[in-house]
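Structure, as structure tokens:
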Amino acid sequence: MALFFEDLHEVQVFESVGRTVTDHDVMTFAGISGDFNQLHTDDEFAKSSPFGSRIAHGVLVLGIATGLTQRMGVFDGSALALLGLEWQFKGPVKLNDTIRLKMTIGGLREYRTGDRGIVVRNYEILNQRNEVVQTGKI
């Protein structure tokens, strides 16, 4: 069910379903982006890294978060545009980790024309252990 500006209030929280990050996701993203860094694509190299295994690209996880937002349906048909973002990478997402999104409405203001509003969304991406792996503001 899509919500509109007048349906929202600050500190309102929405949580998504989980999504497991797979080898296919990582390798597809590497192909699309051209980022074949060994931390993402080479099991043997990644074993000797501080992470101990391959990790997903941080921007891939951000992209998955946008998909999790869509799956919640909160803004389906009501959002017009992404105006910008601030993002922080807090921890690794390893292959086969399951992530989910916790989105909190962080601010609301009417657009200058008065016929729409700007909604600030605060994001936390959590893994299956409830560790925050990324945060941001969209």
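Quick note on naming: the chains in the structure tokens go A, B, ... in the order shown, residues restart at 1 in each chain, and ligands are numbered from 1 in order of appearance.
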
**Report entry** Those in chain A with strand (DSSP E) from DSSP, as an NGL selection string
**Finding:** :A and (13-15 or 19-20 or 86-89 or 98-110 or 117-126 or 132-137)

Prev. selection, N, CA and C atoms, output as an mmCIF file, in the first residue's frame:
data_model
loop_
_atom_site.group_PDB
_atom_site.id
_atom_site.type_symbol
_atom_site.label_atom_id
_atom_site.label_comp_id
_atom_site.auth_asym_id
_atom_site.auth_seq_id
_atom_site.Cartn_x
_atom_site.Cartn_y
_atom_site.Cartn_z
ATOM 1 N N VAL A 13 8.642 4.069 11.470
ATOM 2 C CA VAL A 13 9.615 3.042 11.108
ATOM 3 C C VAL A 13 8.956 1.982 10.228
ATOM 4 N N PHE A 14 9.706 1.565 9.210
ATOM 5 C CA PHE A 14 9.291 0.492 8.317
ATOM 6 C C PHE A 14 10.435 -0.501 8.222
ATOM 7 N N GLU A 15 10.115 -1.791 8.191
ATOM 8 C CA GLU A 15 11.157 -2.810 8.055
ATOM 9 C C GLU A 15 10.823 -3.727 6.894
ATOM 10 N N ARG A 19 16.866 -10.455 2.543
ATOM 11 C CA ARG A 19 17.348 -10.779 1.185
ATOM 12 C C ARG A 19 18.752 -11.329 1.315
ATOM 13 N N THR A 20 18.968 -12.568 0.874
ATOM 14 C CA THR A 20 20.282 -13.185 0.942
ATOM 15 C C THR A 20 21.125 -12.736 -0.242
ATOM 16 N N GLU A 86 23.377 10.375 1.447
ATOM 17 C CA GLU A 86 24.580 10.328 2.276
ATOM 18 C C GLU A 86 24.673 8.883 2.736
ATOM 19 N N TRP A 87 25.874 8.291 2.671
ATOM 20 C CA TRP A 87 25.959 6.860 2.959
ATOM 21 C C TRP A 87 27.238 6.519 3.692
ATOM 22 N N GLN A 88 27.157 5.550 4.599
ATOM 23 C CA GLN A 88 28.328 5.067 5.321
ATOM 24 C C GLN A 88 28.343 3.540 5.305
ATOM 25 N N PHE A 89 29.528 3.009 5.103
ATOM 26 C CA PHE A 89 29.737 1.567 5.099
ATOM 27 C C PHE A 89 30.343 1.187 6.445
ATOM 28 N N THR A 98 22.234 -12.571 4.997
ATOM 29 C CA THR A 98 20.878 -12.099 4.713
ATOM 30 C C THR A 98 20.731 -10.719 5.332
ATOM 31 N N ILE A 99 20.426 -9.758 4.482
ATOM 32 C CA ILE A 99 20.299 -8.380 4.955
ATOM 33 C C ILE A 99 18.829 -7.960 4.920
ATOM 34 N N ARG A 100 18.535 -6.966 5.714
ATOM 35 C CA ARG A 100 17.196 -6.368 5.719
ATOM 36 C C ARG A 100 17.363 -4.880 5.970
ATOM 37 N N LEU A 101 16.328 -4.164 5.686
ATOM 38 C CA LEU A 101 16.355 -2.713 5.770
ATOM 39 C C LEU A 101 15.418 -2.234 6.869
ATOM 40 N N LYS A 102 15.929 -1.345 7.698
ATOM 41 C CA LYS A 102 15.099 -0.609 8.659
ATOM 42 C C LYS A 102 15.128 0.842 8.205
ATOM 43 N N MET A 103 13.969 1.357 7.845
ATOM 44 C CA MET A 103 13.850 2.715 7.324
ATOM 45 C C MET A 103 13.006 3.547 8.287
ATOM 46 N N THR A 104 13.557 4.685 8.675
ATOM 47 C CA THR A 104 12.858 5.595 9.583
ATOM 48 C C THR A 104 12.657 6.926 8.866
ATOM 49 N N ILE A 105 11.457 7.474 8.954
ATOM 50 C CA ILE A 105 11.203 8.790 8.378
ATOM 51 C C ILE A 105 11.919 9.812 9.256
ATOM 52 N N GLY A 106 12.884 10.498 8.639
ATOM 53 C CA GLY A 106 13.739 11.408 9.391
ATOM 54 C C GLY A 106 13.359 12.862 9.262
ATOM 55 N N GLY A 107 12.538 13.189 8.306
ATOM 56 C CA GLY A 107 12.145 14.576 8.126
ATOM 57 C C GLY A 107 11.125 14.718 7.017
ATOM 58 N N LEU A 108 10.280 15.706 7.152
ATOM 59 C CA LEU A 108 9.238 15.997 6.167
ATOM 60 C C LEU A 108 9.164 17.498 5.969
ATOM 61 N N ARG A 109 9.115 17.915 4.723
ATOM 62 C CA ARG A 109 8.877 19.341 4.472
ATOM 63 C C ARG A 109 8.156 19.505 3.142
ATOM 64 N N GLU A 110 7.282 20.468 3.123
ATOM 65 C CA GLU A 110 6.543 20.738 1.892
ATOM 66 C C GLU A 110 7.471 21.320 0.842
ATOM 67 N N GLY A 117 5.713 16.995 -1.214
ATOM 68 C CA GLY A 117 6.634 17.150 -0.099
ATOM 69 C C GLY A 117 7.929 16.407 -0.318
ATOM 70 N N ILE A 118 8.901 16.742 0.491
ATOM 71 C CA ILE A 118 10.196 16.071 0.476
ATOM 72 C C ILE A 118 10.287 15.238 1.752
ATOM 73 N N VAL A 119 10.604 13.968 1.556
ATOM 74 C CA VAL A 119 10.672 13.018 2.660
ATOM 75 C C VAL A 119 12.122 12.571 2.815
ATOM 76 N N VAL A 120 12.690 12.783 3.990
ATOM 77 C CA VAL A 120 14.031 12.292 4.292
ATOM 78 C C VAL A 120 13.876 10.935 4.959
ATOM 79 N N ARG A 121 14.576 9.948 4.410
ATOM 80 C CA ARG A 121 14.505 8.582 4.932
ATOM 81 C C ARG A 121 15.872 8.194 5.488
ATOM 82 N N ASN A 122 15.894 7.760 6.732
ATOM 83 C CA ASN A 122 17.116 7.256 7.346
ATOM 84 C C ASN A 122 17.113 5.735 7.219
ATOM 85 N N TYR A 123 18.221 5.200 6.708
ATOM 86 C CA TYR A 123 18.326 3.775 6.442
ATOM 87 C C TYR A 123 19.349 3.124 7.369
ATOM 88 N N GLU A 124 19.020 1.947 7.826
ATOM 89 C CA GLU A 124 19.973 1.045 8.462
ATOM 90 C C GLU A 124 19.830 -0.289 7.751
ATOM 91 N N ILE A 125 20.954 -0.821 7.276
ATOM 92 C CA ILE A 125 20.946 -2.158 6.706
ATOM 93 C C ILE A 125 21.571 -3.069 7.747
ATOM 94 N N LEU A 126 20.835 -4.105 8.094
ATOM 95 C CA LEU A 126 21.275 -5.035 9.130
ATOM 96 C C LEU A 126 21.464 -6.423 8.528
ATOM 97 N N VAL A 132 24.554 -3.668 12.252
ATOM 98 C CA VAL A 132 24.358 -2.625 11.255
ATOM 99 C C VAL A 132 25.575 -2.628 10.344
ATOM 100 N N VAL A 133 25.351 -2.885 9.059
ATOM 101 C CA VAL A 133 26.457 -2.953 8.099
ATOM 102 C C VAL A 133 26.550 -1.701 7.231
ATOM 103 N N GLN A 134 25.452 -0.989 7.082
ATOM 104 C CA GLN A 134 25.459 0.276 6.342
ATOM 105 C C GLN A 134 24.380 1.173 6.913
ATOM 106 N N THR A 135 24.625 2.478 6.845
ATOM 107 C CA THR A 135 23.617 3.464 7.233
ATOM 108 C C THR A 135 23.600 4.560 6.182
ATOM 109 N N GLY A 136 22.497 5.252 6.119
ATOM 110 C CA GLY A 136 22.447 6.344 5.165
ATOM 111 C C GLY A 136 21.201 7.174 5.308
ATOM 112 N N LYS A 137 21.213 8.224 4.529
ATOM 113 C CA LYS A 137 20.094 9.149 4.484
ATOM 114 C C LYS A 137 19.787 9.388 3.021
#

**Report entry** alpha helix (DSSP H) call set, DSSP backbone run, stretch 5-53 of chain A, as a list in words
**Finding:** Asp23, His24, Asp25, Val26, Met27, Thr28, Phe29, Ala30, Gly31, Ile32, Ser33, Gln38, Leu39, His40, Thr41, Asp43, Glu44, Phe45, Ala46 and Lys47 of chain A

Atoms kept (N, CA, C and O atoms) for selection, written as a PDB file, in the first residue's frame:
ATOM      1  N   ASP A  23      26.494 -15.357  -4.458  1.00  0.00           N
ATOM      2  CA  ASP A  23      27.624 -15.292  -5.381  1.00  0.00           C
ATOM      3  C   ASP A  23      27.162 -14.724  -6.728  1.00  0.00           C
ATOM      4  O   ASP A  23      27.858 -13.902  -7.324  1.00  0.00           O
ATOM      5  N   HIS A  24      26.006 -15.137  -7.179  1.00  0.00           N
ATOM      6  CA  HIS A  24      25.480 -14.630  -8.454  1.00  0.00           C
ATOM      7  C   HIS A  24      25.315 -13.114  -8.403  1.00  0.00           C
ATOM      8  O   HIS A  24      25.661 -12.418  -9.369  1.00  0.00           O
ATOM      9  N   ASP A  25      24.785 -12.589  -7.302  1.00  0.00           N
ATOM     10  CA  ASP A  25      24.629 -11.137  -7.149  1.00  0.00           C
ATOM     11  C   ASP A  25      25.977 -10.439  -7.300  1.00  0.00           C
ATOM     12  O   ASP A  25      26.105  -9.454  -8.029  1.00  0.00           O
ATOM     13  N   VAL A  26      26.971 -10.943  -6.581  1.00  0.00           N
ATOM     14  CA  VAL A  26      28.290 -10.307  -6.569  1.00  0.00           C
ATOM     15  C   VAL A  26      28.940 -10.371  -7.945  1.00  0.00           C
ATOM     16  O   VAL A  26      29.476  -9.366  -8.441  1.00  0.00           O
ATOM     17  N   MET A  27      28.899 -11.529  -8.586  1.00  0.00           N
ATOM     18  CA  MET A  27      29.546 -11.669  -9.886  1.00  0.00           C
ATOM     19  C   MET A  27      28.801 -10.872 -10.968  1.00  0.00           C
ATOM     20  O   MET A  27      29.436 -10.292 -11.860  1.00  0.00           O
ATOM     21  N   THR A  28      27.492 -10.811 -10.877  1.00  0.00           N
ATOM     22  CA  THR A  28      26.726  -9.994 -11.830  1.00  0.00           C
ATOM     23  C   THR A  28      27.076  -8.528 -11.654  1.00  0.00           C
ATOM     24  O   THR A  28      27.294  -7.803 -12.633  1.00  0.00           O
ATOM     25  N   PHE A  29      27.158  -8.064 -10.406  1.00  0.00           N
ATOM     26  CA  PHE A  29      27.510  -6.669 -10.147  1.00  0.00           C
ATOM     27  C   PHE A  29      28.927  -6.377 -10.627  1.00  0.00           C
ATOM     28  O   PHE A  29      29.189  -5.312 -11.198  1.00  0.00           O
ATOM     29  N   ALA A  30      29.848  -7.312 -10.407  1.00  0.00           N
ATOM     30  CA  ALA A  30      31.221  -7.129 -10.894  1.00  0.00           C
ATOM     31  C   ALA A  30      31.214  -6.947 -12.411  1.00  0.00           C
ATOM     32  O   ALA A  30      31.911  -6.069 -12.942  1.00  0.00           O
ATOM     33  N   GLY A  31      30.426  -7.747 -13.102  1.00  0.00           N
ATOM     34  CA  GLY A  31      30.352  -7.634 -14.554  1.00  0.00           C
ATOM     35  C   GLY A  31      29.741  -6.323 -15.016  1.00  0.00           C
ATOM     36  O   GLY A  31      30.223  -5.708 -15.973  1.00  0.00           O
ATOM     37  N   ILE A  32      28.710  -5.885 -14.339  1.00  0.00           N
ATOM     38  CA  ILE A  32      28.043  -4.638 -14.718  1.00  0.00           C
ATOM     39  C   ILE A  32      28.935  -3.433 -14.415  1.00  0.00           C
ATOM     40  O   ILE A  32      29.069  -2.523 -15.227  1.00  0.00           O
ATOM     41  N   SER A  33      29.557  -3.441 -13.239  1.00  0.00           N
ATOM     42  CA  SER A  33      30.326  -2.275 -12.799  1.00  0.00           C
ATOM     43  C   SER A  33      31.765  -2.286 -13.298  1.00  0.00           C
ATOM     44  O   SER A  33      32.413  -1.242 -13.341  1.00  0.00           O
ATOM     45  N   GLN A  38      39.620  -8.394  -6.086  1.00  0.00           N
ATOM     46  CA  GLN A  38      39.741  -9.769  -5.594  1.00  0.00           C
ATOM     47  C   GLN A  38      38.984 -10.019  -4.287  1.00  0.00           C
ATOM     48  O   GLN A  38      38.608 -11.157  -4.014  1.00  0.00           O
ATOM     49  N   LEU A  39      38.753  -8.992  -3.496  1.00  0.00           N
ATOM     50  CA  LEU A  39      37.957  -9.177  -2.271  1.00  0.00           C
ATOM     51  C   LEU A  39      36.544  -9.655  -2.593  1.00  0.00           C
ATOM     52  O   LEU A  39      35.890 -10.296  -1.772  1.00  0.00           O
ATOM     53  N   HIS A  40      36.086  -9.348  -3.812  1.00  0.00           N
ATOM     54  CA  HIS A  40      34.739  -9.717  -4.217  1.00  0.00           C
ATOM     55  C   HIS A  40      34.714 -10.984  -5.070  1.00  0.00           C
ATOM     56  O   HIS A  40      33.690 -11.671  -5.101  1.00  0.00           O
ATOM     57  N   THR A  41      35.810 -11.275  -5.764  1.00  0.00           N
ATOM     58  CA  THR A  41      35.747 -12.292  -6.818  1.00  0.00           C
ATOM     59  C   THR A  41      36.697 -13.474  -6.653  1.00  0.00           C
ATOM     60  O   THR A  41      36.601 -14.433  -7.414  1.00  0.00           O
ATOM     61  N   ASP A  43      38.056 -16.312  -4.085  1.00  0.00           N
ATOM     62  CA  ASP A  43      37.930 -16.983  -2.783  1.00  0.00           C
ATOM     63  C   ASP A  43      39.263 -17.104  -2.061  1.00  0.00           C
ATOM     64  O   ASP A  43      39.352 -16.820  -0.864  1.00  0.00           O
ATOM     65  N   GLU A  44      40.280 -17.554  -2.767  1.00  0.00           N
ATOM     66  CA  GLU A  44      41.579 -17.803  -2.130  1.00  0.00           C
ATOM     67  C   GLU A  44      42.215 -16.500  -1.644  1.00  0.00           C
ATOM     68  O   GLU A  44      42.742 -16.437  -0.541  1.00  0.00           O
ATOM     69  N   PHE A  45      42.171 -15.467  -2.465  1.00  0.00           N
ATOM     70  CA  PHE A  45      42.703 -14.171  -2.051  1.00  0.00           C
ATOM     71  C   PHE A  45      41.949 -13.661  -0.823  1.00  0.00           C
ATOM     72  O   PHE A  45      42.549 -13.194   0.152  1.00  0.00           O
ATOM     73  N   ALA A  46      40.625 -13.729  -0.860  1.00  0.00           N
ATOM     74  CA  ALA A  46      39.798 -13.175   0.212  1.00  0.00           C
ATOM     75  C   ALA A  46      39.980 -13.916   1.535  1.00  0.00           C
ATOM     76  O   ALA A  46      39.823 -13.320   2.606  1.00  0.00           O
ATOM     77  N   LYS A  47      40.340 -15.195   1.488  1.00  0.00           N
ATOM     78  CA  LYS A  47      40.582 -15.953   2.727  1.00  0.00           C
ATOM     79  C   LYS A  47      41.693 -15.322   3.555  1.00  0.00           C
ATOM     80  O   LYS A  47      41.660 -15.378   4.785  1.00  0.00           O
TER      81      LYS A  47
END

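For the residues A:Gly114, A:Gly77, A:Gly63, A:Gly18, ranking by smallest atom-to-atom distance to A:Asn130 using only C-alpha atoms places A:Gly18 first.
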
Report summary line: Using only C-alpha atoms, the best pick from A:Ile138, A:Val61, A:Val93, A:Val17 as closest to A:Gly73 would be A:Val17
